[in-house]
$ cat upload_29.csv   # CSV, C-alpha atoms
chain,number,residue,atom,x,y,z
A,17,MET,CA,36.8,89.2,140.2
A,18,PRO,CA,40.0,90.5,141.7
A,19,GLY,CA,43.2,90.3,139.7
A,20,THR,CA,46.8,91.4,139.6
A,21,VAL,CA,47.7,95.1,139.3
A,22,SER,CA,50.9,95.9,137.4
A,23,VAL,CA,52.5,99.0,138.9
A,24,ILE,CA,55.0,100.7,136.5
A,25,VAL,CA,57.4,103.1,138.2
A,26,PRO,CA,59.9,105.0,135.9
A,27,VAL,CA,62.9,106.1,137.9
A,28,TYR,CA,65.6,108.7,137.2
A,29,ASN,CA,67.9,110.0,139.9
A,30,ALA,CA,65.2,109.8,142.6
A,31,GLU,CA,67.2,108.6,145.6
A,32,ALA,CA,65.8,111.3,147.8
A,33,HIS,CA,62.2,110.3,147.3
A,34,LEU,CA,62.4,106.6,146.4
A,35,PRO,CA,62.2,105.3,150.0
A,36,LYS,CA,58.7,106.8,150.6
A,37,CYS,CA,57.5,105.8,147.1
A,38,LEU,CA,58.6,102.2,147.5
A,39,ALA,CA,57.4,101.9,151.1
A,40,SER,CA,53.9,103.1,149.9
A,41,LEU,CA,53.9,100.2,147.4
A,42,ALA,CA,55.1,97.6,149.9
A,43,GLY,CA,52.4,98.8,152.3
A,44,GLN,CA,49.4,98.5,150.0
A,45,THR,CA,46.6,96.5,151.7
A,46,TYR,CA,45.9,94.9,148.4
A,47,ARG,CA,48.7,92.4,148.0
A,48,ASP,CA,48.4,91.0,144.4
A,49,LEU,CA,50.8,93.4,142.7
A,50,GLU,CA,53.4,93.2,140.0
A,51,ILE,CA,55.8,96.1,140.7
A,52,ILE,CA,57.9,97.0,137.6
A,53,LEU,CA,60.7,99.4,138.5
A,54,VAL,CA,62.3,100.9,135.3
A,55,ASP,CA,65.6,102.6,135.9
A,56,ASP,CA,66.2,105.3,133.2
A,57,GLY,CA,70.0,105.4,133.4
A,58,SER,CA,70.2,106.9,136.9
A,59,THR,CA,73.6,108.3,138.0
A,60,ASP,CA,72.8,108.4,141.7
A,61,ARG,CA,72.0,105.5,144.1
A,62,SER,CA,68.6,104.9,142.6
A,63,LEU,CA,69.4,101.6,140.9
A,64,GLN,CA,71.0,100.1,144.0
A,65,MET,CA,68.0,101.1,146.0
A,66,LEU,CA,65.7,99.5,143.5
A,67,GLU,CA,67.7,96.3,143.5
A,68,ALA,CA,67.7,96.2,147.3
A,69,PHE,CA,63.9,96.6,147.3
A,70,ALA,CA,63.4,93.9,144.7
A,71,ALA,CA,65.6,91.5,146.8
A,72,GLU,CA,63.2,92.0,149.7
A,73,ASP,CA,59.9,92.0,147.9
A,74,THR,CA,59.4,89.1,145.4
A,75,ARG,CA,56.6,91.0,143.7
A,76,ALA,CA,59.1,93.6,142.4
A,77,ARG,CA,61.5,93.4,139.5
A,78,VAL,CA,64.0,95.9,138.1
A,79,VAL,CA,64.4,96.8,134.4
A,80,THR,CA,67.3,99.0,133.3
A,81,GLN,CA,67.8,101.2,130.2
A,82,LYS,CA,70.0,104.0,129.0
A,83,ASN,CA,68.6,107.4,129.8
A,84,ALA,CA,65.8,107.9,127.3
A,85,GLY,CA,63.1,109.8,129.2
A,86,VAL,CA,60.0,109.0,131.1
A,87,SER,CA,57.9,107.9,128.1
A,88,ARG,CA,60.4,105.3,127.0
A,89,ALA,CA,60.6,104.0,130.6
A,90,ARG,CA,56.8,103.7,130.8
A,91,ASN,CA,56.7,102.0,127.5
A,92,VAL,CA,59.4,99.5,128.6
A,93,GLY,CA,57.3,98.8,131.7
A,94,LEU,CA,54.1,98.3,129.6
A,95,ALA,CA,56.0,95.8,127.4
A,96,SER,CA,56.7,93.6,130.3
A,97,ALA,CA,53.4,94.0,132.3
A,98,GLN,CA,51.5,90.8,132.8
A,99,GLY,CA,48.8,92.0,135.2
A,100,ASP,CA,45.0,92.3,134.7
A,101,TYR,CA,45.3,96.0,135.5
A,102,VAL,CA,48.0,98.7,134.9
A,103,SER,CA,48.9,101.6,137.1
A,104,PHE,CA,51.6,104.2,136.8
A,105,VAL,CA,53.4,105.8,139.8
A,106,ASP,CA,56.2,108.4,139.5
A,107,SER,CA,59.2,107.7,141.6
A,108,ASP,CA,59.0,110.9,143.7
A,109,ASP,CA,55.3,110.4,144.6
A,110,TRP,CA,53.5,108.0,146.9
A,111,LEU,CA,50.1,106.3,147.5
A,112,GLU,CA,47.7,105.9,150.4
A,113,PRO,CA,47.7,102.3,151.7
A,114,GLU,CA,44.2,101.5,150.5
A,115,THR,CA,44.6,102.8,146.9
A,116,TYR,CA,44.6,99.5,145.1
A,117,ALA,CA,42.1,97.8,147.4
A,118,SER,CA,39.6,100.5,146.6
A,119,VAL,CA,40.4,100.5,142.9
A,120,VAL,CA,40.1,96.7,142.5
A,121,GLY,CA,36.9,96.8,144.5
A,122,ALA,CA,35.5,99.2,142.0
A,123,PHE,CA,36.5,96.9,139.1
A,124,ASP,CA,34.9,93.9,140.9
A,125,GLY,CA,31.3,93.6,139.9
A,126,ASN,CA,31.3,96.6,137.5
A,127,ASP,CA,31.6,96.4,133.7
A,128,ILE,CA,34.2,99.2,133.5
A,129,ASP,CA,37.4,99.8,131.7
A,130,PHE,CA,39.3,102.1,134.0
A,131,VAL,CA,39.1,103.7,137.4
A,132,SER,CA,39.9,107.3,138.2
A,133,PHE,CA,40.7,108.7,141.7
A,134,GLN,CA,41.8,112.0,143.1
A,135,TYR,CA,45.1,113.3,144.4
A,136,PHE,CA,47.0,115.5,146.9
A,137,VAL,CA,49.6,118.0,146.0
A,138,ASP,CA,52.3,117.7,148.7
A,139,GLN,CA,54.2,121.0,149.2
A,140,ALA,CA,56.8,121.8,151.8
A,141,ALA,CA,54.4,122.9,154.5
A,142,GLU,CA,51.1,121.2,153.6
A,143,SER,CA,49.2,118.6,151.6
A,144,VAL,CA,46.3,119.9,149.5
A,145,ALA,CA,43.6,117.6,148.2
A,146,TYR,CA,42.3,118.1,144.7
A,147,GLY,CA,38.9,116.6,143.9
A,148,ILE,CA,36.6,116.2,140.9
A,149,SER,CA,35.4,119.5,139.5
A,150,GLY,CA,32.4,120.4,137.3
A,151,ARG,CA,29.2,118.3,137.1
A,152,PHE,CA,30.9,115.2,138.5
A,153,HIS,CA,31.8,116.8,141.8
A,154,GLY,CA,31.4,114.3,144.6
A,155,LEU,CA,30.3,111.5,142.2
A,156,HIS,CA,31.1,107.9,143.2
A,157,GLY,CA,30.1,105.9,140.2
A,158,THR,CA,30.2,105.3,136.5
A,159,VAL,CA,30.5,107.7,133.6
A,160,THR,CA,31.6,107.2,130.0
A,161,GLY,CA,35.4,106.9,129.4
A,162,LEU,CA,36.0,110.2,127.7
A,163,GLU,CA,33.7,112.1,130.1
A,164,ALA,CA,35.8,110.9,133.0
A,165,VAL,CA,38.9,112.5,131.4
A,166,LEU,CA,37.7,115.6,129.6
A,167,GLU,CA,34.9,116.8,131.9
A,168,THR,CA,37.2,117.0,135.0
A,169,THR,CA,40.4,118.8,135.6
A,170,ASN,CA,42.1,115.4,136.5
A,171,ARG,CA,43.8,114.2,133.3
A,172,PHE,CA,46.9,112.5,134.8
A,173,VAL,CA,47.9,109.0,134.0
A,174,TRP,CA,48.9,108.4,137.6
A,175,THR,CA,45.4,108.9,139.0
A,176,ARG,CA,44.0,106.1,136.9
A,177,VAL,CA,44.2,102.3,136.8
A,178,PHE,CA,43.4,100.7,133.4
A,179,ARG,CA,42.4,97.2,132.3
A,180,ARG,CA,45.5,96.0,130.5
A,181,GLU,CA,43.5,94.8,127.5
A,182,LEU,CA,42.1,98.3,127.1
A,183,ILE,CA,45.6,99.7,126.7
A,184,GLY,CA,46.5,97.1,124.0
A,185,PRO,CA,49.2,98.4,121.7
A,186,THR,CA,48.9,102.0,122.8
A,187,ARG,CA,52.1,103.5,124.0
A,188,PHE,CA,53.4,106.9,125.2
A,189,ARG,CA,54.6,109.2,122.5
A,190,GLU,CA,58.3,109.6,122.9
A,191,ASP,CA,58.5,112.7,120.7
A,192,LEU,CA,56.3,114.7,123.2
A,193,HIS,CA,58.0,115.9,126.4
A,194,TRP,CA,55.1,117.8,128.0
A,195,GLY,CA,51.5,116.5,128.2
A,196,GLU,CA,52.5,113.1,126.8
A,197,ASP,CA,50.6,111.4,129.6
A,198,THR,CA,47.4,113.3,128.8
A,199,VAL,CA,47.7,112.2,125.1
A,200,PHE,CA,48.0,108.6,126.3
A,201,VAL,CA,45.1,108.8,128.7
A,202,ILE,CA,42.7,110.3,126.0
A,203,GLU,CA,43.9,107.8,123.4
A,204,VAL,CA,43.1,104.9,125.8
A,205,ALA,CA,39.9,106.5,127.2
A,206,ARG,CA,38.3,107.1,123.8
A,207,ARG,CA,38.1,103.3,123.4
A,208,ALA,CA,36.6,102.8,126.8
A,209,ARG,CA,32.9,102.3,127.3
A,210,TRP,CA,32.6,103.0,131.0
A,211,SER,CA,34.8,104.4,133.8
A,212,PHE,CA,34.4,104.5,137.5
A,213,LEU,CA,35.1,107.7,139.4
A,214,ILE,CA,36.2,107.6,143.1
A,215,PRO,CA,36.0,111.0,144.7
A,216,ASP,CA,38.6,110.2,147.3
A,217,PRO,CA,42.3,111.3,147.0
A,218,TYR,CA,44.8,108.5,147.1
A,219,TYR,CA,47.8,109.7,145.1
A,220,HIS,CA,50.4,112.1,146.6
A,221,TYR,CA,52.0,114.3,143.9
A,222,VAL,CA,55.1,115.7,145.5
A,223,GLN,CA,55.9,119.3,144.4
A,224,SER,CA,59.7,119.5,144.9
A,225,LYS,CA,61.6,122.7,145.6
A,226,ASP,CA,63.1,122.8,142.1
A,227,SER,CA,59.8,122.6,140.3
A,228,ALA,CA,60.0,126.3,139.4
A,229,THR,CA,63.4,125.7,137.7
A,230,ARG,CA,62.0,122.8,135.7
A,231,SER,CA,59.2,124.9,134.4
A,232,LYS,CA,61.6,127.2,132.4
A,233,VAL,CA,60.8,127.2,128.7
A,234,ASN,CA,63.0,124.9,126.7
A,235,PRO,CA,62.7,123.2,123.3
A,236,LYS,CA,61.3,120.0,124.8
A,237,ARG,CA,58.7,121.9,126.8
A,238,LEU,CA,57.5,123.5,123.5
A,239,THR,CA,56.2,120.2,122.4
A,240,GLY,CA,53.3,121.0,124.6
A,241,ILE,CA,51.9,123.1,121.7
A,242,GLU,CA,52.0,120.1,119.3
A,243,MET,CA,50.4,118.1,122.1
A,244,THR,CA,47.3,120.4,122.1
A,245,HIS,CA,46.9,119.8,118.4
A,246,VAL,CA,47.1,116.1,118.8
A,247,LEU,CA,44.5,116.2,121.6
A,248,GLN,CA,42.1,118.3,119.5
A,249,ARG,CA,42.3,115.9,116.5
A,250,MET,CA,41.7,112.8,118.7
A,251,VAL,CA,38.7,114.2,120.5
A,252,GLU,CA,37.1,115.7,117.3
A,253,GLU,CA,37.3,112.3,115.8
A,254,ALA,CA,35.9,110.3,118.8
A,255,ALA,CA,33.5,112.7,120.4
A,256,PRO,CA,33.0,116.1,118.7
A,257,HIS,CA,30.6,117.2,121.4
A,258,LEU,CA,33.4,117.2,124.0
A,259,ALA,CA,35.8,119.3,121.8
A,260,PRO,CA,35.2,122.5,123.9
A,261,PHE,CA,36.9,120.8,126.9
A,262,VAL,CA,40.0,120.3,124.8
A,263,VAL,CA,39.9,123.9,123.6
A,264,ALA,CA,39.8,124.9,127.3
A,265,THR,CA,42.8,122.7,127.9
A,266,ARG,CA,44.7,124.4,125.1
A,267,ALA,CA,44.0,127.8,126.6
A,268,ASN,CA,45.3,126.6,130.0
A,269,ILE,CA,48.5,125.3,128.4
A,270,PHE,CA,49.1,128.5,126.5
A,271,ALA,CA,48.6,130.4,129.8
A,272,THR,CA,51.2,128.2,131.5
A,273,LEU,CA,53.7,128.7,128.7
A,274,ALA,CA,53.2,132.4,128.8
A,275,GLN,CA,53.8,132.5,132.6
A,276,ASP,CA,56.9,130.3,132.2
A,277,ALA,CA,58.3,132.6,129.5
A,278,TYR,CA,57.8,135.9,131.5
A,279,ALA,CA,59.1,134.3,134.7
A,280,GLN,CA,62.5,134.6,133.1
A,281,PRO,CA,64.4,137.9,132.5
A,282,ARG,CA,64.4,138.8,128.8
A,283,ARG,CA,68.2,138.6,128.8
A,284,ASP,CA,67.8,134.9,129.6
A,285,TRP,CA,65.3,134.2,126.8
A,286,THR,CA,66.3,131.5,124.3
A,287,PRO,CA,65.6,132.1,120.5
A,288,GLU,CA,62.5,130.0,120.8
A,289,ILE,CA,60.7,132.2,123.2
A,290,PRO,CA,59.8,135.2,120.9
A,291,THR,CA,58.4,132.6,118.4
A,292,LEU,CA,56.5,131.0,121.3
A,293,ILE,CA,54.9,134.3,122.3
A,294,LYS,CA,53.8,134.8,118.7
A,295,THR,CA,52.3,131.3,118.5
A,296,ILE,CA,50.4,131.9,121.8
A,297,ARG,CA,48.8,135.0,120.4
A,298,THR,CA,47.9,133.4,117.1
A,299,GLU,CA,46.5,130.2,118.6
A,300,SER,CA,44.6,132.1,121.4
A,301,SER,CA,42.9,134.3,118.8
A,302,LYS,CA,41.5,131.1,117.3
A,303,ILE,CA,40.2,129.9,120.7
A,304,VAL,CA,38.3,133.1,121.2
A,305,LEU,CA,36.1,132.2,118.2
A,306,ALA,CA,35.5,128.6,119.2
A,307,ARG,CA,31.9,127.5,120.1
A,308,GLY,CA,30.8,126.2,123.5
A,309,LEU,CA,33.4,127.9,125.7
A,310,GLY,CA,32.8,129.2,129.1
A,311,MET,CA,33.3,132.9,129.8
A,312,SER,CA,36.5,132.4,131.8
A,313,THR,CA,38.2,130.5,129.1
A,314,ARG,CA,37.1,133.0,126.5
A,315,LEU,CA,38.5,135.9,128.6
A,316,LYS,CA,41.7,134.0,129.2
A,317,ALA,CA,42.2,133.3,125.5
A,318,GLY,CA,41.2,136.9,124.5
A,319,THR,CA,43.8,138.4,126.9
A,320,LEU,CA,46.5,136.0,125.6
A,321,ALA,CA,45.6,136.9,122.1
A,322,VAL,CA,46.1,140.6,122.8
A,323,SER,CA,49.2,140.3,125.0
A,324,PRO,CA,50.6,137.3,126.8
A,325,MET,CA,52.6,139.7,129.0
A,326,LEU,CA,49.3,141.5,130.0
A,327,PHE,CA,47.8,138.2,130.9
A,328,VAL,CA,50.7,137.2,133.1
A,329,ARG,CA,50.6,140.6,135.0
A,330,LEU,CA,46.8,140.4,135.5
A,331,ASN,CA,47.1,136.9,136.7
A,332,GLN,CA,49.8,137.9,139.2
A,333,LEU,CA,47.6,140.7,140.5
A,334,ARG,CA,44.7,138.2,140.9
A,335,LEU,CA,46.9,135.8,142.9
A,336,GLU,CA,48.3,138.6,145.1
A,337,ARG,CA,44.7,139.7,145.9
A,338,LEU,CA,43.7,136.1,146.8
A,339,SER,CA,46.8,135.7,148.9
A,340,GLY,CA,46.0,138.9,150.8
A,341,ARG,CA,42.4,137.8,151.5
A,342,ALA,CA,43.7,134.5,152.8
A,343,ARG,CA,46.2,136.2,155.2
A,344,GLN,CA,43.4,138.5,156.4
A,345,GLY,CA,41.2,135.4,157.1
A,346,VAL,CA,44.0,133.8,159.2
A,347,ARG,CA,44.3,137.0,161.3
A,348,GLN,CA,40.6,137.0,162.2
A,349,PRO,CA,39.7,135.7,165.7
$ encode --input "upload_29.csv" --output "structure tokens"
Amino acid sequence: MPGTVSVIVPVYNAEAHLPKCLASLAGQTYRDLEIILVDDGSTDRSLQMLEAFAAEDTRARVVTQKNAGVSRARNVGLASAQGDYVSFVDSDDWLEPETYASVVGAFDGNDIDFVSFQYFVDQAAESVAYGISGRFHGLHGTVTGLEAVLETTNRFVWTRVFRRELIGPTRFREDLHWGEDTVFVIEVARRARWSFLIPDPYYHYVQSKDSATRSKVNPKRLTGIEMTHVLQRMVEEAAPHLAPFVVATRANIFATLAQDAYAQPRRDWTPEIPTLIKTIRTESSKIVLARGLGMSTRLKAGTLAVSPMLFVRLNQLRLERLSGRARQGVRQP
């Protein structure tokens, strides 16, 4: 039967995007919401905006803390959540109006532990929908919990709504600063029996202009390497047959870190980057030997093992070729 959805929104200096985010929550067609707004020590007008929203919408309440990061803010929200279900929304993103009506409808009458849906990436000029890939493409129905996470490219915490009792004492790791939401999702999902997949995109991930700046390699971002080891251990314990999907994720993360490193002039490299490049080569050479991998993952890992810089250059050429084909297609009558 229907129940209350606790919506946890961590907020830090988000005044430019908050109005749209909050309006999308206020405009949900499903009304039984508990909106928990956690201000993470904002220095702009975010806190005042949150307090004004809570004064207008009795379903919302504001929690404040000194700046401690998104994981701490989410954990604070979890500690105060009282709803039957839990959802996470980032403060610069927004939801389609029917999101929670569809999600609660999936829970109603189905013996499932969490619901996954798809998302848009909102860029300056367009909004691109991302759906379920692989063997679950187009599926509208139930799959096991870990399959719903590992056998799709959608592993974000904000594209899922969980039964609160499934989360239990699990919290976001505050020592990880990249991929901490994926660790949380897999930790929770491996206890789940069944999940429900909705192929429709409801969540709008807003890709801001400064996203390229945020992707520069820094010590906090390097915790992504530790995150890949944590994921592999968890999945090997819970479902060894799904381990190849985690190995593929590790290859993708190493590829991203390599691209971030070589996006910066060498004169701007911090002391951590040469060590990172060495780690990428070492770890990628192990991936090449793993069982059950697809050819594209094996080729990616093999190139990274030989030379992360070569991988970055080849990938850039591939993207330029794809971009050229797209432009040619636009010019055709």
$ residues_near_point --input "upload_29.csv" --point "(36.3, 113.6, 119.9)" --cutoff "12 Å" --atoms "all atoms listed in the file" --output "PyMOL selection string"
chain A and resi 161-163+165-166+202-203+205-207+246-263
$ closest_residue --input "upload_29.csv" --among "A:Ala267, A:Ala76, A:Leu330, A:Ile296" --to "Gly310 in chain A" --atoms "all atoms listed in the file"
A:Ala267
$ closest_residue --input "upload_29.csv" --among "A:Ser87, A:Gln64, A:Ser211, A:Gln280" --to "His193 in chain A" --atoms "all atoms listed in the file"
A:Ser87
$ closest_residue --input "upload_29.csv" --among "A:Thr265, A:Asn91, A:Ser40, A:Asn29" --to "Ile241 in chain A" --atoms "all atoms listed in the file"
A:Thr265
$ residues_around --input "upload_29.csv" --residues "Ser22 in chain A" --least-positions-apart "2" --cutoff "7 Å" --atoms "all atoms listed in the file" --output "PyMOL selection string"
chain A and resi 20+24+49-51+97-99+101-103
$ residues_around --input "upload_29.csv" --residues "Arg77 in chain A" --least-positions-apart "6" --cutoff "8 Å" --atoms "all atoms listed in the file" --output "mmCIF file with C-alpha atoms, in the coordinates of the input"
data_model
loop_
_atom_site.group_PDB
_atom_site.id
_atom_site.type_symbol
_atom_site.label_atom_id
_atom_site.label_comp_id
_atom_site.auth_asym_id
_atom_site.auth_seq_id
_atom_site.Cartn_x
_atom_site.Cartn_y
_atom_site.Cartn_z
ATOM 1 C CA ILE A 51 55.800 96.100 140.700
ATOM 2 C CA ILE A 52 57.900 97.000 137.600
ATOM 3 C CA LEU A 53 60.700 99.400 138.500
ATOM 4 C CA GLU A 67 67.700 96.300 143.500
ATOM 5 C CA ALA A 70 63.400 93.900 144.700
#
$ atom_distance --input "upload_29.csv" --atom1 "CA of Pro18 in chain A" --atom2 "CA of Gly184 in chain A"
20.0 Å
$ residues_near_point --input "upload_29.csv" --point "(50.8, 132.4, 118.5)" --cutoff "12 Å" --atoms "all atoms listed in the file" --output "JSON, numbers by chain"
{"A": [241, 267, 270, 271, 273, 274, 289, 290, 291, 292, 293, 294, 295, 296, 297, 298, 299, 300, 301, 302, 303, 317, 320, 321, 322, 323, 324]}
$ closest_residue --input "upload_29.csv" --among "A:Asp60, A:Ala39, A:Thr45, A:Ala89" --to "Val25 in chain A" --atoms "only C-alpha atoms"
A:Ala89
$ atom_distance --input "upload_29.csv" --atom1 "CA of Trp194 in chain A" --atom2 "CA of Val86 in chain A"
10.5 Å
$ residues_around --input "upload_29.csv" --residues "Val92 in chain A" --least-positions-apart "2" --cutoff "12 Å" --atoms "all atoms listed in the file" --output "compact mmCIF listing (two decimals) with C-alpha atoms, keeping the file's coordinate frame"
# COMPACT_ATOMS: atom_id res chain seq x y z
CA ILE A 24 55.00 100.70 136.50
CA VAL A 25 57.40 103.10 138.20
CA PRO A 26 59.90 105.00 135.90
CA VAL A 27 62.90 106.10 137.90
CA ILE A 52 57.90 97.00 137.60
CA LEU A 53 60.70 99.40 138.50
CA VAL A 54 62.30 100.90 135.30
CA ASP A 55 65.60 102.60 135.90
CA ASP A 56 66.20 105.30 133.20
CA VAL A 78 64.00 95.90 138.10
CA VAL A 79 64.40 96.80 134.40
CA THR A 80 67.30 99.00 133.30
CA GLN A 81 67.80 101.20 130.20
CA LYS A 82 70.00 104.00 129.00
CA ALA A 84 65.80 107.90 127.30
CA GLY A 85 63.10 109.80 129.20
CA VAL A 86 60.00 109.00 131.10
CA SER A 87 57.90 107.90 128.10
CA ARG A 88 60.40 105.30 127.00
CA ALA A 89 60.60 104.00 130.60
CA ARG A 90 56.80 103.70 130.80
CA LEU A 94 54.10 98.30 129.60
CA ALA A 95 56.00 95.80 127.40
CA SER A 96 56.70 93.60 130.30
CA ALA A 97 53.40 94.00 132.30
CA ARG A 187 52.10 103.50 124.00
CA PHE A 188 53.40 106.90 125.20
CA GLU A 190 58.30 109.60 122.90
$ closest_residue --input "upload_29.csv" --among "A:Ala117, A:Cys37, A:Ala30, A:Met325" --to "Ser62 in chain A" --atoms "only C-alpha atoms"
A:Ala30
$ atom_distance --input "upload_29.csv" --atom1 "CA of Gly93 in chain A" --atom2 "CA of Thr160 in chain A"
27.1 Å
$ residues_around --input "upload_29.csv" --residues "Phe133 in chain A" --least-positions-apart "4" --cutoff "8 Å" --atoms "all atoms listed in the file" --output "MDAnalysis selection string"
chainID A and resid 175:176 213:219
$ write_last_selection --input "upload_29.csv" --atoms "C-alpha atoms" --output "CSV table (one decimal), in the coordinates of the input"
chain,number,residue,atom,x,y,z
A,175,THR,CA,45.4,108.9,139.0
A,176,ARG,CA,44.0,106.1,136.9
A,213,LEU,CA,35.1,107.7,139.4
A,214,ILE,CA,36.2,107.6,143.1
A,215,PRO,CA,36.0,111.0,144.7
A,216,ASP,CA,38.6,110.2,147.3
A,217,PRO,CA,42.3,111.3,147.0
A,218,TYR,CA,44.8,108.5,147.1
A,219,TYR,CA,47.8,109.7,145.1
$ axis_aligned_box --input "upload_29.csv" --around "range 317-333 of chain A" --padding-each-side "8 Å" --output "JSON"
{"center_x": 46.9, "center_y": 137.4, "center_z": 131.3, "size_x": 27.4, "size_y": 24.2, "size_z": 34.4}
$ residues_around --input "upload_29.csv" --residues "Met65 in chain A" --least-positions-apart "6" --cutoff "10 Å" --atoms "all atoms listed in the file" --output "PyMOL selection string"
chain A and resi 30-31+34-35+38+71
$ closest_residue --input "upload_29.csv" --among "A:Tyr116, A:Trp210, A:Ser132, A:Thr186" --to "Val159 in chain A" --atoms "only C-alpha atoms"
A:Trp210
$ build_atoms --input "upload_29.csv" --residues "range 285-305 of chain A" --atoms "N, CA and C atoms" --output "mmCIF file, keeping the file's coordinate frame"
data_model
loop_
_atom_site.group_PDB
_atom_site.id
_atom_site.type_symbol
_atom_site.label_atom_id
_atom_site.label_comp_id
_atom_site.auth_asym_id
_atom_site.auth_seq_id
_atom_site.Cartn_x
_atom_site.Cartn_y
_atom_site.Cartn_z
ATOM 1 N N TRP A 285 66.199 134.859 127.741
ATOM 2 C CA TRP A 285 65.300 134.200 126.800
ATOM 3 C C TRP A 285 66.174 133.475 125.709
ATOM 4 N N THR A 286 65.741 132.285 125.374
ATOM 5 C CA THR A 286 66.300 131.500 124.300
ATOM 6 C C THR A 286 65.668 131.996 122.973
ATOM 7 N N PRO A 287 66.247 131.688 121.812
ATOM 8 C CA PRO A 287 65.600 132.100 120.500
ATOM 9 C C PRO A 287 64.221 131.613 120.332
ATOM 10 N N GLU A 288 63.847 130.528 121.019
ATOM 11 C CA GLU A 288 62.500 130.000 120.800
ATOM 12 C C GLU A 288 61.404 130.797 121.438
ATOM 13 N N ILE A 289 61.730 131.598 122.462
ATOM 14 C CA ILE A 289 60.700 132.200 123.200
ATOM 15 C C ILE A 289 59.899 133.300 122.433
ATOM 16 N N PRO A 290 60.543 134.213 121.674
ATOM 17 C CA PRO A 290 59.800 135.200 120.900
ATOM 18 C C PRO A 290 58.808 134.443 119.897
ATOM 19 N N THR A 291 59.263 133.339 119.318
ATOM 20 C CA THR A 291 58.400 132.600 118.400
ATOM 21 C C THR A 291 57.232 131.965 119.228
ATOM 22 N N LEU A 292 57.524 131.513 120.447
ATOM 23 C CA LEU A 292 56.500 131.000 121.300
ATOM 24 C C LEU A 292 55.413 132.028 121.604
ATOM 25 N N ILE A 293 55.833 133.238 121.942
ATOM 26 C CA ILE A 293 54.900 134.300 122.300
ATOM 27 C C ILE A 293 53.980 134.586 121.055
ATOM 28 N N LYS A 294 54.564 134.612 119.872
ATOM 29 C CA LYS A 294 53.800 134.800 118.700
ATOM 30 C C LYS A 294 52.771 133.702 118.453
ATOM 31 N N THR A 295 53.209 132.466 118.682
ATOM 32 C CA THR A 295 52.300 131.300 118.500
ATOM 33 C C THR A 295 51.178 131.371 119.529
ATOM 34 N N ILE A 296 51.474 131.743 120.776
ATOM 35 C CA ILE A 296 50.400 131.900 121.800
ATOM 36 C C ILE A 296 49.370 132.860 121.355
ATOM 37 N N ARG A 297 49.782 134.003 120.829
ATOM 38 C CA ARG A 297 48.800 135.000 120.400
ATOM 39 C C ARG A 297 47.961 134.497 119.235
ATOM 40 N N THR A 298 48.614 133.864 118.258
ATOM 41 C CA THR A 298 47.900 133.400 117.100
ATOM 42 C C THR A 298 46.885 132.282 117.469
ATOM 43 N N GLU A 299 47.344 131.293 118.247
ATOM 44 C CA GLU A 299 46.500 130.200 118.600
ATOM 45 C C GLU A 299 45.361 130.634 119.562
ATOM 46 N N SER A 300 45.662 131.570 120.451
ATOM 47 C CA SER A 300 44.600 132.100 121.400
ATOM 48 C C SER A 300 43.548 132.822 120.662
ATOM 49 N N SER A 301 43.909 133.537 119.592
ATOM 50 C CA SER A 301 42.900 134.300 118.800
ATOM 51 C C SER A 301 41.899 133.300 118.175
ATOM 52 N N LYS A 302 42.361 132.091 117.827
ATOM 53 C CA LYS A 302 41.500 131.100 117.300
ATOM 54 C C LYS A 302 40.524 130.533 118.358
ATOM 55 N N ILE A 303 41.050 130.387 119.570
ATOM 56 C CA ILE A 303 40.200 129.900 120.700
ATOM 57 C C ILE A 303 39.087 130.792 120.992
ATOM 58 N N VAL A 304 39.326 132.101 120.921
ATOM 59 C CA VAL A 304 38.300 133.100 121.200
ATOM 60 C C VAL A 304 37.037 132.843 120.390
ATOM 61 N N LEU A 305 37.217 132.387 119.160
ATOM 62 C CA LEU A 305 36.100 132.200 118.200
ATOM 63 C C LEU A 305 35.446 130.835 118.332
#
